[in-house]
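A.B. asks: See protein_32.cif below, with mmCIF, C-alpha atoms.
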```cif
data_protein
#
loop_
_atom_site.label_atom_id
_atom_site.label_comp_id
_atom_site.auth_asym_id
_atom_site.auth_seq_id
_atom_site.Cartn_x
_atom_site.Cartn_y
_atom_site.Cartn_z
CA MET A 1 0.00 0.00 0.00
CA PRO A 2 1.14 3.64 0.31
CA LEU A 3 4.61 4.91 1.04
CA VAL A 4 5.38 7.88 3.27
CA VAL A 5 8.83 9.33 2.66
CA MET A 6 10.15 11.38 5.55
CA CYS A 7 12.65 14.10 4.73
CA GLY A 8 14.63 16.69 6.63
CA LEU A 9 17.93 17.76 8.15
CA PRO A 10 19.61 15.54 10.74
CA CYS A 11 17.72 15.71 14.06
CA SER A 12 14.84 17.71 12.57
CA GLY A 13 12.07 15.62 14.18
CA LYS A 14 11.50 12.97 11.51
CA SER A 15 11.35 10.02 13.92
CA ARG A 16 8.93 11.83 16.22
CA ARG A 17 6.63 12.60 13.28
CA THR A 18 6.99 9.00 12.11
CA GLU A 19 5.76 7.74 15.50
CA GLN A 20 2.78 10.11 15.32
CA LEU A 21 1.86 8.92 11.84
CA GLN A 22 2.29 5.28 12.79
CA LYS A 23 -0.05 5.70 15.77
CA TYR A 24 -2.64 7.55 13.68
CA PHE A 25 -2.77 4.98 10.88
CA MET A 26 -3.00 2.08 13.32
CA GLU A 27 -5.65 3.62 15.56
CA ASN A 28 -7.77 5.53 13.03
CA CYS A 29 -7.34 3.62 9.77
CA GLY A 30 -6.84 0.09 11.05
CA ARG A 31 -3.67 -0.23 9.00
CA LYS A 32 -0.53 -2.15 9.79
CA VAL A 33 2.45 0.18 9.56
CA HIS A 34 6.03 -0.78 8.67
CA VAL A 35 8.75 1.70 9.64
CA VAL A 36 11.98 1.40 7.68
CA CYS A 37 14.89 3.28 9.23
CA GLU A 38 18.66 3.28 9.61
CA ASP A 39 18.55 2.24 13.27
CA ALA A 40 16.85 -1.04 12.34
CA LEU A 41 19.80 -1.77 10.04
CA GLY A 42 22.31 -1.07 12.81
CA VAL A 43 23.84 1.85 10.92
CA GLN A 44 26.63 3.81 12.58
CA LYS A 45 25.73 7.21 11.21
CA ASN A 46 29.00 9.08 11.61
CA ASP A 47 30.96 6.21 10.12
CA THR A 48 28.47 5.76 7.28
CA TYR A 49 28.06 9.40 6.23
CA ALA A 50 31.83 9.91 6.23
CA ASP A 51 32.19 7.29 3.49
CA SER A 52 30.30 7.82 0.20
CA GLN A 53 30.32 4.10 -0.67
CA LYS A 54 28.99 3.07 2.74
CA GLU A 55 26.31 5.72 2.48
CA LYS A 56 25.34 4.48 -0.98
CA ASP A 57 25.12 0.92 0.36
CA VAL A 58 22.84 2.04 3.19
CA ARG A 59 20.53 3.88 0.80
CA GLY A 60 20.35 0.74 -1.31
CA ALA A 61 19.55 -1.39 1.74
CA LEU A 62 16.79 1.01 2.83
CA LYS A 63 15.27 1.04 -0.65
CA ALA A 64 15.37 -2.76 -0.83
CA GLU A 65 13.64 -3.01 2.55
CA VAL A 66 10.94 -0.59 1.41
CA GLU A 67 10.40 -2.67 -1.70
CA ARG A 68 10.04 -5.83 0.40
CA LYS A 69 7.51 -4.22 2.74
CA LEU A 70 5.26 -2.64 0.09
CA ASN A 71 2.02 -4.58 -0.39
CA LYS A 72 -1.68 -3.95 -1.00
CA GLU A 73 -2.69 -3.50 2.63
CA ASP A 74 0.02 -1.93 4.78
CA VAL A 75 1.53 1.53 5.10
CA VAL A 76 5.31 1.87 4.81
CA ILE A 77 7.12 4.85 6.34
CA LEU A 78 10.72 5.47 5.32
CA ASP A 79 12.27 7.35 8.25
CA SER A 80 15.60 8.63 6.97
CA LEU A 81 17.23 11.83 5.74
CA ASN A 82 16.21 11.19 2.11
CA TYR A 83 18.08 14.37 1.30
CA ILE A 84 19.17 13.53 -2.25
CA LYS A 85 16.79 14.51 -5.03
CA GLY A 86 17.90 11.60 -7.23
CA TYR A 87 17.21 9.11 -4.43
CA ARG A 88 13.70 10.46 -3.92
CA TYR A 89 13.18 10.02 -7.66
CA GLU A 90 14.27 6.37 -7.36
CA LEU A 91 11.67 5.88 -4.63
CA PHE A 92 9.07 7.50 -6.89
CA CYS A 93 9.93 5.04 -9.67
CA LEU A 94 9.52 2.24 -7.15
CA ILE A 95 5.99 3.24 -6.17
CA LYS A 96 5.11 3.68 -9.86
CA HIS A 97 6.22 0.13 -10.47
CA VAL A 98 4.17 -1.15 -7.52
CA GLN A 99 1.32 1.20 -8.54
CA THR A 100 0.67 2.64 -5.10
CA PRO A 101 0.39 6.28 -3.95
CA HIS A 102 3.00 8.05 -1.87
CA CYS A 103 3.63 11.39 -0.20
CA LEU A 104 6.58 13.30 1.22
CA VAL A 105 6.60 14.69 4.77
CA TYR A 106 9.27 17.38 5.06
CA CYS A 107 10.30 18.34 8.60
CA LEU A 108 11.08 21.99 7.96
CA THR A 109 13.16 22.59 11.08
CA SER A 110 15.89 25.21 11.06
CA GLU A 111 19.55 24.28 11.13
CA GLU A 112 20.00 25.94 14.53
CA ILE A 113 17.18 24.01 16.19
CA SER A 114 18.26 20.75 14.57
CA LYS A 115 21.79 21.32 15.85
CA SER A 116 20.50 21.93 19.37
CA TRP A 117 18.38 18.76 19.25
CA ASN A 118 21.43 16.85 18.09
CA ALA A 119 23.37 18.12 21.11
CA GLU A 120 20.60 16.89 23.44
CA ARG A 121 20.94 13.31 22.22
CA ASP A 122 22.99 10.63 23.92
CA VAL A 123 26.59 11.00 22.83
CA VAL A 124 26.59 7.68 20.96
CA LYS A 125 23.58 8.81 18.89
CA GLN A 126 24.85 12.29 18.05
CA TYR A 127 26.09 13.35 14.65
CA SER A 128 29.59 14.74 14.88
CA PRO A 129 29.81 18.48 14.09
CA GLU A 130 31.69 17.74 10.86
CA ILE A 131 29.15 15.18 9.63
CA PHE A 132 26.19 17.34 10.69
CA ASP A 133 27.53 20.36 8.77
CA ALA A 134 28.37 18.24 5.71
CA LEU A 135 24.84 16.79 5.57
CA VAL A 136 23.32 20.25 5.87
CA MET A 137 25.49 21.44 2.98
CA ARG A 138 24.49 18.46 0.81
CA PHE A 139 20.78 18.65 1.61
CA GLU A 140 18.56 19.10 -1.47
CA CYS A 141 15.25 20.61 -0.41
CA PRO A 142 12.10 18.96 -1.79
CA ASP A 143 10.06 20.93 -4.30
CA SER A 144 6.37 20.20 -4.88
CA ARG A 145 6.81 21.13 -8.56
CA ASN A 146 8.75 17.88 -8.94
CA ARG A 147 6.38 14.96 -9.38
CA TRP A 148 8.57 12.78 -7.13
CA ASP A 149 8.20 15.32 -4.29
CA ASN A 150 4.44 15.67 -4.68
CA PRO A 151 2.22 15.64 -2.67
CA LEU A 152 4.48 17.47 -0.24
CA PHE A 153 3.63 18.26 3.39
CA SER A 154 6.06 20.77 4.95
CA ILE A 155 5.86 20.70 8.75
CA GLN A 156 7.51 23.20 11.07
CA LYS A 157 8.39 22.18 14.62
CA GLU A 158 5.35 23.84 16.22
CA ASP A 159 2.88 22.49 13.61
CA SER A 160 0.49 19.61 14.11
CA LEU A 161 0.56 16.95 11.44
CA PRO A 162 -2.31 17.27 8.91
CA PHE A 163 -3.33 13.65 9.47
CA GLU A 164 -6.51 13.76 7.39
CA ALA A 165 -4.80 15.42 4.42
CA ILE A 166 -1.98 12.84 4.52
CA ARG A 167 -4.55 10.04 4.79
CA ASP A 168 -6.46 11.37 1.78
CA ALA A 169 -3.26 11.69 -0.25
CA LEU A 170 -2.40 8.07 0.46
CA PHE A 171 -5.77 6.30 0.38
CA TYR A 172 -8.00 8.39 -1.88
CA ARG A 173 -5.61 9.40 -4.62
CA LYS A 174 -4.78 7.41 -7.71
CA ALA A 175 -1.35 5.88 -7.93
CA PRO A 176 0.89 7.41 -10.62
CA PRO A 177 0.58 5.42 -13.85
CA PRO A 178 3.48 3.10 -14.64
CA ASN A 179 5.56 3.61 -17.75
CA GLN A 180 7.71 1.27 -19.81
CA SER A 181 10.76 1.87 -17.65
CA THR A 182 8.97 0.81 -14.44
CA GLN A 183 6.36 -1.70 -15.60
CA SER A 184 7.06 -5.31 -16.41
CA GLN A 185 5.39 -6.18 -19.67
CA PRO A 186 3.17 -9.30 -19.82
CA LEU A 187 4.86 -12.12 -21.69
CA SER A 188 3.18 -13.48 -24.80
CA SER A 189 3.07 -17.08 -23.59
CA THR A 190 4.11 -19.21 -20.66
CA ASN A 191 7.16 -20.54 -22.51
CA PHE A 192 8.21 -17.19 -23.98
CA LEU A 193 11.29 -16.81 -21.77
CA TYR A 194 12.34 -20.38 -22.40
CA GLU A 195 12.05 -19.95 -26.17
CA LEU A 196 13.80 -16.59 -26.07
CA ASP A 197 16.73 -18.08 -24.20
CA ARG A 198 16.92 -21.24 -26.33
CA VAL A 199 16.60 -19.58 -29.74
CA THR A 200 19.13 -16.84 -29.07
CA GLN A 201 21.63 -19.36 -27.71
CA ASP A 202 21.18 -21.54 -30.82
CA VAL A 203 21.90 -18.54 -33.04
CA LEU A 204 25.10 -17.73 -31.13
CA THR A 205 26.28 -21.32 -31.36
CA ALA A 206 25.64 -21.38 -35.12
CA ILE A 207 27.58 -18.15 -35.63
CA PHE A 208 30.50 -19.23 -33.48
CA ASN A 209 30.80 -22.56 -35.28
CA ALA A 210 30.44 -20.97 -38.73
CA GLN A 211 33.33 -18.58 -38.04
CA LYS A 212 35.73 -21.53 -37.87
CA THR A 213 35.39 -22.14 -41.63
CA SER A 214 34.07 -18.85 -43.05
CA VAL A 215 35.87 -15.74 -44.24
CA PRO A 216 34.96 -12.08 -43.63
CA GLY A 217 32.11 -10.92 -45.86
CA GLU A 218 30.54 -14.36 -46.09
CA LEU A 219 26.80 -14.89 -45.44
CA VAL A 220 26.16 -17.36 -42.62
CA ALA A 221 22.92 -19.34 -42.57
CA VAL A 222 21.23 -19.57 -39.18
CA PRO A 223 18.87 -22.45 -38.28
CA GLY A 224 15.23 -21.50 -37.79
CA THR A 225 15.32 -18.37 -39.97
CA ASP A 226 15.70 -17.27 -43.57
CA GLU A 227 17.81 -14.33 -42.41
CA LYS A 228 21.58 -14.61 -42.75
CA ILE A 229 24.35 -13.09 -40.68
CA VAL A 230 26.78 -10.94 -42.64
CA LEU A 231 30.18 -11.62 -41.08
CA THR A 232 32.29 -8.58 -41.80
CA ARG A 233 34.74 -9.59 -39.08
CA ASN A 234 35.33 -12.30 -36.53
CA LEU A 235 33.23 -11.96 -33.38
CA ASN A 236 34.39 -13.38 -30.06
CA MET A 237 31.96 -15.11 -27.75
CA ALA A 238 32.09 -12.35 -25.13
CA GLU A 239 30.84 -9.78 -27.67
CA LEU A 240 28.13 -12.14 -28.92
CA ARG A 241 26.93 -12.83 -25.38
CA LYS A 242 26.77 -9.12 -24.62
CA LEU A 243 24.62 -8.51 -27.72
CA ARG A 244 22.42 -11.45 -26.73
CA ARG A 245 21.85 -10.01 -23.24
CA GLN A 246 20.92 -6.64 -24.72
CA PHE A 247 18.47 -8.25 -27.15
CA ILE A 248 16.86 -10.34 -24.40
CA SER A 249 16.41 -7.28 -22.16
CA TYR A 250 14.77 -5.34 -24.98
CA THR A 251 12.53 -8.23 -26.03
CA LYS A 252 11.30 -8.80 -22.48
CA MET A 253 10.01 -5.22 -22.50
CA HIS A 254 8.57 -5.57 -26.02
CA PRO A 255 7.48 -9.22 -26.32
CA THR A 256 6.37 -10.49 -29.71
CA GLU A 257 3.12 -12.36 -30.20
CA ASN A 258 4.81 -14.70 -32.68
CA ILE A 259 7.54 -16.75 -31.02
CA SER A 260 8.64 -18.11 -34.38
CA GLN A 261 9.89 -14.61 -35.26
CA ILE A 262 12.46 -14.50 -32.45
CA SER A 263 15.22 -15.93 -34.66
CA ASN A 264 14.55 -13.41 -37.45
CA MET A 265 14.46 -10.53 -34.98
CA PHE A 266 17.70 -11.59 -33.28
CA VAL A 267 19.59 -12.00 -36.56
CA GLN A 268 18.38 -8.59 -37.76
CA TYR A 269 19.46 -7.11 -34.43
CA LEU A 270 22.92 -8.68 -34.74
CA ASN A 271 23.39 -7.48 -38.32
CA LYS A 272 22.63 -3.91 -37.25
CA SER A 273 24.80 -4.11 -34.14
CA ILE A 274 28.00 -5.64 -35.50
CA HIS A 275 28.43 -3.39 -38.56
#
```
Render the structure in this file as structure tokens.
C.D. replies:
Amino acid sequence: MPLVVMCGLPCSGKSRRTEQLQKYFMENCGRKVHVVCEDALGVQKNDTYADSQKEKDVRGALKAEVERKLNKEDVVILDSLNYIKGYRYELFCLIKHVQTPHCLVYCLTSEEISKSWNAERDVVKQYSPEIFDALVMRFECPDSRNRWDNPLFSIQKEDSLPFEAIRDALFYRKAPPPNQSTQSQPLSSTNFLYELDRVTQDVLTAIFNAQKTSVPGELVAVPGTDEKIVLTRNLNMAELRKLRRQFISYTKMHPTENISQISNMFVQYLNKSIH
């Protein structure tokens, strides 16, 4: 079901707002709520945010956990900084693929207040001054004009959460329509993938064997098709396998109704790609 993406500076009140939302959805909407956060992953924040690769790995782990939790019934709240515009776009693509609504709750707390709240934490939970300042500098504010940041609820520290408006955005709004980059296309038949794999492998085998006795410029007959491969040069198996993977990926997104045409299509694709 819906995804709530929390967003804000370090120590800006995101976890407190997450708890309020979780309680509201459970008590007033009868929904099970899954909270995905860094603490549940055992993340050491200062160590993680000082290393770009570790930070990237954590974002990937959070996104994967969100994807696992999303279903038709429950609410998922991602309680993290979510400060990178590109990452919020990735989350938007995810909910488009699942075809569920989402919203962004932005804790619009000033840097000074956030810094004071950080200082009030237990020492082991505090952001170091260097990491805190670096995250503030890198923070990319959400903008409701961006479809991945919309609907956007900006909440200042003294504000009450607009529970009903958030509920309506999640439960009474249509999910964004999927597009070709996020939607898996239905396959033409139950054995489509099997045939796609088998036929393309047979074509590669025929080409590789033909190269042992052919010369550049020769036309190579391929079993299962009237099309011929024009060998302008020798092709190694690594290159052929790469072209096969590309063709399979494309064909999965644009499946043909006529499985018998796979060989023709693959040979035509190879002829265009190797010249």
A.B. asks: Hey, can you check how far CA of Glu195 in chain A sits from CA of Leu240 in chain A?
C.D. replies: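 These two atoms are separated by 18.1 Å.
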A.B. asks: Which residue gives the smallest distance to Ile155 in chain A among A:Val76, A:Met137, A:Leu108, A:Leu94, with all atoms listed in the file counted?
C.D. replies: A:Leu108
A.B. asks: Once you count all atoms listed in the file, which residues end up no further than 7 Å from (13.4, 20.6, 2.4) in the file's frame, shown as a PyMOL selection string?
C.D. replies: chain A and resi 7-8+106+108+140-142
A.B. asks: Which of these, A:Thr200, A:Glu120, A:Arg241, A:Leu9, has the shortest distance to Asp133 in chain A once you count only C-alpha atoms?
C.D. replies: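 For Asp133 in chain A, the nearest of the candidates is A:Leu9.
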A.B. asks: For the file shown, report as a VMD selection string the outcome of the PyMOL selection byres ((chain A and resi 60-71) around 9) at residue level.
C.D. replies: chain A and resid 1 to 3 34 to 38 41 55 to 59 72 to 78 80 90 to 91 94 to 95 98 100
A.B. asks: Which residues would end up in the selection if the PyMOL selection byres ((chain A and resi 209) around 12) were applied here, given that I need the answer as number ranges by chain?
C.D. replies: A: 202-208, 210-214, 220-222, 234-237
A.B. asks: Identify the residues within 7 Å of coordinate (7.0, 22.0, 10.1) (same frame as the file), considering only C-alpha atoms, and give the answer as an MDAnalysis selection string.
C.D. replies: chainID A and resid 107:109 154:159
A.B. asks: For this file, the PyMOL selection byres ((chain A and resi 174) around 10) selects which residues, as a PyMOL selection string?
C.D. replies: chain A and resi 99-102+169-173+175-177
A.B. asks: Just checking: using only C-alpha atoms, which residue out of A:Asp51, A:Glu19, A:Glu239, A:Glu112 ends up closest to Asp79 in chain A?
C.D. replies: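 Of A:Asp51, A:Glu19, A:Glu239, A:Glu112, the one nearest Asp79 in chain A, counting only C-alpha atoms, is A:Glu19.
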A.B. asks: Just to confirm, what's the straight-line distance from CA of Glu111 in chain A to CA of Phe139 in chain A in Å (one decimal)?
C.D. replies: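 Pair CA of Glu111 in chain A / CA of Phe139 in chain A returns 11.1 Å.
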A.B. asks: So which one's closest to Ser15 in chain A, A:Cys29, A:Val105, A:Thr256, A:Gly42? Using only C-alpha atoms, please.
C.D. replies: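 Result for the nearest residue to Ser15 in chain A: A:Val105.
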A.B. asks: Return the single residue from A:Phe192, A:Tyr269, A:Tyr250, A:Tyr49 that is closest to Pro10 in chain A, with distances computed using all atoms listed in the file.
C.D. replies: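 Distance minimum relative to Pro10 in chain A lands on A:Tyr49.
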A.B. asks: What is the CA of Ser12 in chain A-CA of Phe132 in chain A distance in Å, reported with one decimal?
C.D. replies: 11.5 Å
A.B. asks: Rank nothing, just name the residue among A:Leu196, A:Cys93, A:Met6, A:Ile84 nearest to Gln261 in chain A, using only C-alpha atoms.
C.D. replies: A:Leu196
